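Step one of this worksheet: look at the structure below.
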Amino acid sequence: MSPDMLFDILWKSLLQTLHMVAVSGLVGSLIGLPIGVFLATSARGELFPAPALNSAIGLVVNAARSTPFIILVVAIIPFTRLLTGTSIGTTAAIVPLTIATVPFFARLVEAAIRDVDKGLIEAARAMGATPMQIVLKVLLAEARPAILLAFTMTIVSLIGYSAMVGAVGGGGLGDLGIRYGYQRFMPEVMLAVVLVLIVLVQLVQSAGDALARRFDKRNRKT
Amino acid sequence: MTFPTAASPAATPGQTAPMVLFKGVTKRFGDDANAFIALDGVDMAVGRGAITGIIGRSGAGKSTLIRLVNGLEKATAGEVVVDGTEVGGLNDAALRGLRREVGMIFQHFNLLSSRTAFDNIALPLEIAGLDRAAIKAKVGPLLDLVGLGDKAERYPSELSGGQKQRVGIARALATSPKLLLSDEATSALDPETTQSILALLKQINADLGLTVLLITHEMEVVKTIASHVAVIDKGRIVEQGRTFDIFTAPQHETTRILLSSTLGIGLPEWLRSGVKAAPSTGDRILVRLTFFGATAFQPLTARLVTEIGGNVNILAGAIEEIAGEPFGTLVVAYPATPDVLERADRFYAETGLATEVLGYVA
């Protein structure tokens with residue numbers, strides 16, 4: 001394969017990966033965020049006590065997280081078809097990726113929110129804050145650095161997951177590596193794919209770290 | 001010894017009802033079978049405009065008691081009345097309204113790490129729905145009041161413990177409350193910073209006429225700023241009254257133990273180990289003399305020596321100020337012979353000195 005051709009398919013695959021990761025990461029996180037907040041605040045005696053619903057959602061989240069991603073991809077094909085009209089291709093691949101993101105991000109958000117000092121909730125209650133004000137002004141604000149790191153971790157995981165959606169013709173870098181690098185035995189393609197993925201993950205992680213640091217005021221020195 | 005309500009000297013004249021009234025308050029945690037009783041029939045009144053301290057060891061129930069006032073905890077039985085309103089009967093919205101009239105400061109400050117000093121103080125105002133301009137107009141003077149005018153844009157991690165508590169106090173005052181609750185506000189601070197925070201609270205109490213209810217395990221705090229005190233032990237108020245009365249004449253064992261750590265009332269270790277309950281021949285009697293009120297200003301020590309004879313040893317002593325009044329203690333020893341004891345007793349009766357026999361030493 002000529003370098004030009006290699007570059008072309010790499011570029012095309014990178015764009016597919018970015019497309020899948022960006023859409024499923026954003027949509028999945030937007031759905032996962034409120035679920036994570038709910039999980040962190042709805043146990044007995046907390047801000048929105050609903051222990052039964054909390055357990056039920058926790059169960060669904062655990063079930064989704066324990067399903068291997070490749071099985072999830074195949075298992076929800078009917079749902080994917082219902083949503084996108086097709087079960088193959090990049091757009092179709094976004095559906096299982098989004099569904100995998102929701103419970104993953106929700107659990108990370110739950111942990112981030114639970115890490116917020118309980119004294120702050122008490123202080124806000126003592127000020128006369130409503131439960132919703134406590135979530136918006138205290139919990140999400142204080143957990144913001146941790147949530148940004150959770151989002152970064154989610155995106156990095158999604159980059160990994162997106163390699164598996166080649167199974168449904170999703171395309172992307174992982175798919176390229178398998179089809180060209182492995183099945184056609186072109187080690188230079190495999191190497192290029194791996195290198196691009198390494199750089200991509202590094203960039204995402206660095207950006208996430210920098211953003212989280214910017215919002216983290218806990219260890220500022222005078 | 002009755003606890004101040006209407007007739008309290010510290011209460012603002014003309015306003016007769018107490019700011020906070022606990023009536024038979026009981027608080028149980030857990031189910032009936034193995035419930036933990038945190039508070040057991042507490043009756044107490046917090047005078048308007050006064051600084052009232054509730055002191056007790058950890059686990060005595062003082063945290064629960066103060067949390068009943070702003071409804072962070074609900075009483076299992078009895079009533080908590082704040083400025084005429086029964087807290088237990090309020091719905092959520094009314095309770096939030098009450099909380100905006102009751103400020104609270106905490107042992108660990110509980111400031112938002114993601115907000116500057118200014119924005120932390122602004123938080124209760126945002127919660128109350130004030131617009132940005134109104135918030136700015138309120139926060140600036142509050143920063144000045146607590147002496148942090150130049151620290152508005154600092155984050156809590158850039159402030160010292162004392163400065164953080166000052167932000168906490170400013171935040172608690174933001175909604176112009178009528179009552180300030182202090183939950184061990186100085187317990188995480190060093191002695192010097194504690195004194196400066198107590199001075200600030202005292203100043204706010206005097207300048208704004210704000211009623212302060214504080215809980216603490218440190219007698220020093222009560223002694224310094226509280227005009228009235230209640231001693232709590234195992235969920236019961238065992239003693240309450242004017243701080244000076246309680247400190248100078250503690251009636252309950254818990255009070256004595258709590259007091260022994262302060263006021264020079266505790267015996268020095270070298271002395272305590274040698275104290276016997278009954279005298280043998282040649283022993284000396286160990287007596288604690290307490291000076292306060294009229295006796296505090298008389299030259300009684302010199303007269304004591306003259307009356308009893310030159311055999312008086314002074315072993316320990318301190319002169320303190322309790323809630324603004326002088327109070328002295330002196331531990332003396334002299335021969336436990338009948339004639340000396342008789343002369344001493346006559347002297348005590350004549351001068352009105354309060355005395356307590358602590359035991360006998362060789």
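Identifiers for the structure tokens are assigned positionally: chains receive A, B, ... in sequence, residues are indexed from 1 per chain, and ligands are indexed from 1 in the order shown.
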
Output the contact residues of chain A with respect to chain B at a cut-off of 9 Å, based on only C-alpha atoms, as a PDB file with N, CA and C atoms, in the first residue's frame.
```
ATOM      1  N   ASP A 117     -17.916  16.403  50.119  1.00  0.00           N
ATOM      2  CA  ASP A 117     -18.032  16.462  51.577  1.00  0.00           C
ATOM      3  C   ASP A 117     -19.495  16.619  52.016  1.00  0.00           C
ATOM      4  N   LYS A 118     -19.946  15.693  52.854  1.00  0.00           N
ATOM      5  CA  LYS A 118     -21.345  15.739  53.329  1.00  0.00           C
ATOM      6  C   LYS A 118     -21.613  17.028  54.110  1.00  0.00           C
ATOM      7  N   GLY A 119     -20.579  17.596  54.691  1.00  0.00           N
ATOM      8  CA  GLY A 119     -20.743  18.844  55.443  1.00  0.00           C
ATOM      9  C   GLY A 119     -21.264  19.972  54.561  1.00  0.00           C
ATOM     10  N   LEU A 120     -20.903  19.921  53.264  1.00  0.00           N
ATOM     11  CA  LEU A 120     -21.358  20.972  52.356  1.00  0.00           C
ATOM     12  C   LEU A 120     -22.857  20.863  52.113  1.00  0.00           C
ATOM     13  N   ILE A 121     -23.344  19.615  52.058  1.00  0.00           N
ATOM     14  CA  ILE A 121     -24.786  19.421  51.884  1.00  0.00           C
ATOM     15  C   ILE A 121     -25.504  19.951  53.113  1.00  0.00           C
ATOM     16  N   GLU A 122     -24.950  19.638  54.276  1.00  0.00           N
ATOM     17  CA  GLU A 122     -25.569  20.119  55.516  1.00  0.00           C
ATOM     18  C   GLU A 122     -25.567  21.649  55.566  1.00  0.00           C
ATOM     19  N   ALA A 123     -24.444  22.248  55.185  1.00  0.00           N
ATOM     20  CA  ALA A 123     -24.353  23.706  55.196  1.00  0.00           C
ATOM     21  C   ALA A 123     -25.395  24.306  54.259  1.00  0.00           C
ATOM     22  N   ALA A 124     -25.534  23.716  53.075  1.00  0.00           N
ATOM     23  CA  ALA A 124     -26.503  24.243  52.107  1.00  0.00           C
ATOM     24  C   ALA A 124     -27.930  24.064  52.620  1.00  0.00           C
ATOM     25  N   ARG A 125     -28.196  22.915  53.255  1.00  0.00           N
ATOM     26  CA  ARG A 125     -29.534  22.720  53.843  1.00  0.00           C
ATOM     27  C   ARG A 125     -29.789  23.779  54.906  1.00  0.00           C
ATOM     28  N   ALA A 126     -28.755  24.058  55.716  1.00  0.00           N
ATOM     29  CA  ALA A 126     -28.910  25.042  56.785  1.00  0.00           C
ATOM     30  C   ALA A 126     -29.162  26.441  56.225  1.00  0.00           C
ATOM     31  N   MET A 127     -28.761  26.672  54.956  1.00  0.00           N
ATOM     32  CA  MET A 127     -29.011  27.983  54.333  1.00  0.00           C
ATOM     33  C   MET A 127     -30.418  28.080  53.770  1.00  0.00           C
ATOM     34  N   GLY A 128     -31.127  26.967  53.772  1.00  0.00           N
ATOM     35  CA  GLY A 128     -32.469  26.981  53.210  1.00  0.00           C
ATOM     36  C   GLY A 128     -32.497  26.619  51.738  1.00  0.00           C
ATOM     37  N   ALA A 129     -31.508  25.862  51.271  1.00  0.00           N
ATOM     38  CA  ALA A 129     -31.467  25.467  49.858  1.00  0.00           C
ATOM     39  C   ALA A 129     -32.449  24.329  49.609  1.00  0.00           C
ATOM     40  N   THR A 130     -33.055  24.332  48.419  1.00  0.00           N
ATOM     41  CA  THR A 130     -33.897  23.204  48.019  1.00  0.00           C
ATOM     42  C   THR A 130     -32.978  22.075  47.562  1.00  0.00           C
ATOM     43  N   GLN A 133     -31.408  22.940  44.335  1.00  0.00           N
ATOM     44  CA  GLN A 133     -30.333  23.938  44.461  1.00  0.00           C
ATOM     45  C   GLN A 133     -29.057  23.296  44.988  1.00  0.00           C
ATOM     46  N   LYS A 137     -25.963  23.867  42.733  1.00  0.00           N
ATOM     47  CA  LYS A 137     -24.995  24.850  43.217  1.00  0.00           C
ATOM     48  C   LYS A 137     -23.884  24.245  44.050  1.00  0.00           C
ATOM     49  N   VAL A 138     -24.138  23.088  44.636  1.00  0.00           N
ATOM     50  CA  VAL A 138     -23.130  22.505  45.525  1.00  0.00           C
ATOM     51  C   VAL A 138     -22.519  21.236  44.925  1.00  0.00           C
ATOM     52  N   ALA A 141     -21.130  21.571  41.243  1.00  0.00           N
ATOM     53  CA  ALA A 141     -20.020  22.527  41.244  1.00  0.00           C
ATOM     54  C   ALA A 141     -18.788  21.932  41.908  1.00  0.00           C
ATOM     55  N   GLU A 142     -18.995  21.275  43.040  1.00  0.00           N
ATOM     56  CA  GLU A 142     -17.850  20.724  43.767  1.00  0.00           C
ATOM     57  C   GLU A 142     -17.291  19.489  43.071  1.00  0.00           C
ATOM     58  N   ALA A 143     -18.151  18.731  42.397  1.00  0.00           N
ATOM     59  CA  ALA A 143     -17.699  17.495  41.757  1.00  0.00           C
ATOM     60  C   ALA A 143     -17.191  17.747  40.339  1.00  0.00           C
ATOM     61  N   ARG A 144     -17.223  18.997  39.895  1.00  0.00           N
ATOM     62  CA  ARG A 144     -16.899  19.279  38.497  1.00  0.00           C
ATOM     63  C   ARG A 144     -15.539  18.728  38.055  1.00  0.00           C
ATOM     64  N   PHE A 215     -10.414  23.593  36.974  1.00  0.00           N
ATOM     65  CA  PHE A 215     -11.593  23.778  37.816  1.00  0.00           C
ATOM     66  C   PHE A 215     -11.380  23.287  39.245  1.00  0.00           C
ATOM     67  N   ASP A 216     -10.234  22.692  39.496  1.00  0.00           N
ATOM     68  CA  ASP A 216      -9.995  22.161  40.832  1.00  0.00           C
ATOM     69  C   ASP A 216      -9.273  23.201  41.682  1.00  0.00           C
ATOM     70  N   LYS A 217     -10.003  23.767  42.658  1.00  0.00           N
ATOM     71  CA  LYS A 217      -9.418  24.838  43.477  1.00  0.00           C
ATOM     72  C   LYS A 217      -9.016  24.307  44.844  1.00  0.00           C
ATOM     73  N   ARG A 218      -8.977  22.967  44.984  1.00  0.00           N
ATOM     74  CA  ARG A 218      -8.783  22.414  46.318  1.00  0.00           C
ATOM     75  C   ARG A 218      -7.349  22.518  46.819  1.00  0.00           C
ATOM     76  N   ASN A 219      -6.384  22.517  45.899  1.00  0.00           N
ATOM     77  CA  ASN A 219      -4.997  22.485  46.349  1.00  0.00           C
ATOM     78  C   ASN A 219      -4.196  23.695  45.911  1.00  0.00           C
ATOM     79  N   ARG A 220      -4.889  24.801  45.812  1.00  0.00           N
ATOM     80  CA  ARG A 220      -4.166  26.023  45.438  1.00  0.00           C
ATOM     81  C   ARG A 220      -3.350  26.495  46.628  1.00  0.00           C
ATOM     82  N   LYS A 221      -2.152  26.912  46.334  1.00  0.00           N
ATOM     83  CA  LYS A 221      -1.284  27.406  47.411  1.00  0.00           C
ATOM     84  C   LYS A 221      -1.260  28.928  47.362  1.00  0.00           C
ATOM     85  N   THR A 222      -1.081  29.504  48.540  1.00  0.00           N
ATOM     86  CA  THR A 222      -1.032  30.968  48.597  1.00  0.00           C
ATOM     87  C   THR A 222       0.292  31.482  48.078  1.00  0.00           C
TER      88      THR A 222
END
```

All alpha helix (DSSP H) residues (DSSP, backbone) inside segment 78-290 of chain B, as a compact mmCIF listing (two decimals) with C-alpha atoms, in the first residue's frame:
```
# COMPACT_ATOMS: atom_id res chain seq x y z
CA ASP B 92 -40.47 21.98 53.73
CA ALA B 93 -40.98 25.43 52.25
CA ALA B 94 -41.63 27.09 55.62
CA LEU B 95 -38.63 25.30 57.08
CA ARG B 96 -36.41 26.69 54.31
CA GLY B 97 -37.78 30.13 55.16
CA LEU B 98 -36.85 29.64 58.80
CA ARG B 99 -33.37 28.45 57.87
CA ALA B 117 -14.53 33.73 49.61
CA PHE B 118 -16.85 36.23 47.93
CA ASP B 119 -18.87 33.55 46.15
CA ASN B 120 -19.09 31.40 49.26
CA ILE B 121 -20.64 34.31 51.14
CA ALA B 122 -22.90 34.93 48.14
CA LEU B 123 -24.22 31.36 48.14
CA PRO B 124 -27.04 31.79 50.70
CA LEU B 125 -28.09 34.96 48.87
CA GLU B 126 -28.16 33.13 45.53
CA ILE B 127 -30.23 30.43 47.18
CA ARG B 132 -26.19 39.83 41.31
CA ALA B 133 -26.25 43.54 42.17
CA ALA B 134 -28.02 42.99 45.48
CA ILE B 135 -25.59 40.19 46.31
CA LYS B 136 -22.60 42.39 45.59
CA ALA B 137 -24.00 45.12 47.82
CA LYS B 138 -24.35 42.67 50.72
CA VAL B 139 -21.16 40.62 50.42
CA GLY B 140 -18.67 43.50 50.37
CA PRO B 141 -19.61 44.89 53.80
CA LEU B 142 -19.70 41.36 55.23
CA LEU B 143 -16.14 40.72 54.05
CA ASP B 144 -15.11 43.94 55.76
CA LEU B 145 -17.01 43.01 58.91
CA GLY B 161 -8.29 28.01 59.27
CA GLY B 162 -9.20 31.22 61.06
CA GLN B 163 -9.81 33.01 57.77
CA LYS B 164 -12.00 30.15 56.57
CA GLN B 165 -14.10 30.41 59.71
CA ARG B 166 -14.40 34.15 59.14
CA VAL B 167 -15.77 33.41 55.68
CA GLY B 168 -18.11 30.90 57.34
CA ILE B 169 -19.31 33.57 59.76
CA ALA B 170 -19.82 36.11 56.99
CA ARG B 171 -21.77 33.49 55.02
CA ALA B 172 -23.93 32.73 58.05
CA LEU B 173 -24.69 36.45 58.45
CA PRO B 191 -5.89 28.68 70.78
CA GLU B 192 -4.85 32.05 69.40
CA THR B 193 -7.14 31.80 66.38
CA THR B 194 -9.91 30.54 68.66
CA GLN B 195 -9.63 33.73 70.71
CA SER B 196 -9.83 35.94 67.62
CA ILE B 197 -12.89 34.08 66.30
CA LEU B 198 -14.56 34.29 69.73
CA ALA B 199 -13.82 38.01 69.84
CA LEU B 200 -15.46 38.37 66.43
CA LEU B 201 -18.55 36.47 67.58
CA LYS B 202 -18.74 38.61 70.69
CA GLN B 203 -18.46 41.76 68.61
CA ILE B 204 -21.20 40.59 66.23
CA ASN B 205 -23.40 39.72 69.17
CA ALA B 206 -22.90 43.18 70.64
CA ASP B 207 -23.09 45.19 67.42
CA LEU B 208 -25.91 43.39 65.66
CA MET B 219 -15.01 25.22 78.71
CA GLU B 220 -12.65 27.96 77.60
CA VAL B 221 -15.07 28.96 74.83
CA VAL B 222 -18.02 29.19 77.20
CA LYS B 223 -15.95 31.03 79.77
CA THR B 224 -14.82 33.60 77.23
CA ILE B 225 -18.04 34.58 75.50
CA THR B 243 -22.06 31.07 83.17
CA PHE B 244 -20.53 32.73 86.19
CA ASP B 245 -22.84 30.90 88.60
CA ILE B 246 -22.28 27.53 86.96
CA PHE B 247 -18.52 27.97 86.81
CA THR B 248 -18.09 29.21 90.35
CA GLU B 253 -20.36 15.96 88.56
CA THR B 254 -20.14 16.35 84.76
CA THR B 255 -19.78 20.10 85.13
CA ARG B 256 -16.99 19.63 87.67
CA ILE B 257 -15.13 17.25 85.39
CA LEU B 258 -15.49 19.59 82.43
CA LEU B 259 -14.37 22.49 84.59
CA SER B 260 -11.36 20.72 86.01
CA GLU B 269 -0.64 16.03 89.26
CA TRP B 270 2.10 15.98 91.91
CA LEU B 271 -0.43 17.09 94.49
CA ARG B 272 -3.31 14.87 93.43
```

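Distances here use only C-alpha atoms; by that measure, the residue among B:Thr290, B:Thr355, B:Thr306, B:Ser187 closest to Thr329 of chain B is B:Thr290.
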
(message) Report, in Å to a single decimal, how far apart atom CA of Gly36 of chain A and atom CA of Val74 of chain A are.
(response)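 Pair atom CA of Val74 of chain A / atom CA of Gly36 of chain A returns 25.9 Å.
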
(request) Excluding segment 29-34 of chain A and any residue of its chain fewer than 3 positions from it, enumerate the residues within 8 Å of it, using only C-alpha atoms, and give them as a VMD selection string. (result) chain A and resid 24 to 26 37 to 38 101 to 106 109 151

(message) Applying 12 Å and only C-alpha atoms, which residues near Ser273 of chain B remain after dropping the ones on its own chain fewer than 6 positions away? List them as a PyMOL selection string.
(response) chain B and resi 267+359-362

Write out the residues from the selection above, keeping C-alpha atoms, as a compact mmCIF listing (two decimals), in the first residue's frame.
```txt
# COMPACT_ATOMS: atom_id res chain seq x y z
CA LEU B 267 -5.19 19.88 91.28
CA GLY B 359 -8.51 16.00 101.37
CA TYR B 360 -5.37 15.63 103.42
CA VAL B 361 -1.71 15.51 102.59
CA ALA B 362 1.26 14.41 104.60
```

(message) I'd like to know which residues of segment 36-233 of chain B are strand (DSSP E) (by DSSP, run on the backbone); could you write them as a ChimeraX atom specification?
(response) /B:36-46,51-55,77-82,85-86,102-106,179-183,211-216,228-233

(message) When you count only C-alpha atoms, which of these residues is closest to Met1 of chain A: A:Ala146, A:Ile35, A:Met186, A:Val60?
(response)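 Ranked by minimum distance to Met1 of chain A, first place goes to A:Met186.
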
(request) Please identify all polymer residues within 10 Å of Val238 of chain B, counting only C-alpha atoms, omitting same-chain residues fewer than 5 positions from it, and present them as a PyMOL selection string. (result) chain B and resi 42+56+230-233+251-255

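Atom CA of Phe22 of chain B is found 6.2 Å from atom CA of Ala45 of chain B.
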
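Picture a line from atom CA of Ala316 of chain B to atom CA of Leu358 of chain B; it runs 12.5 Å.
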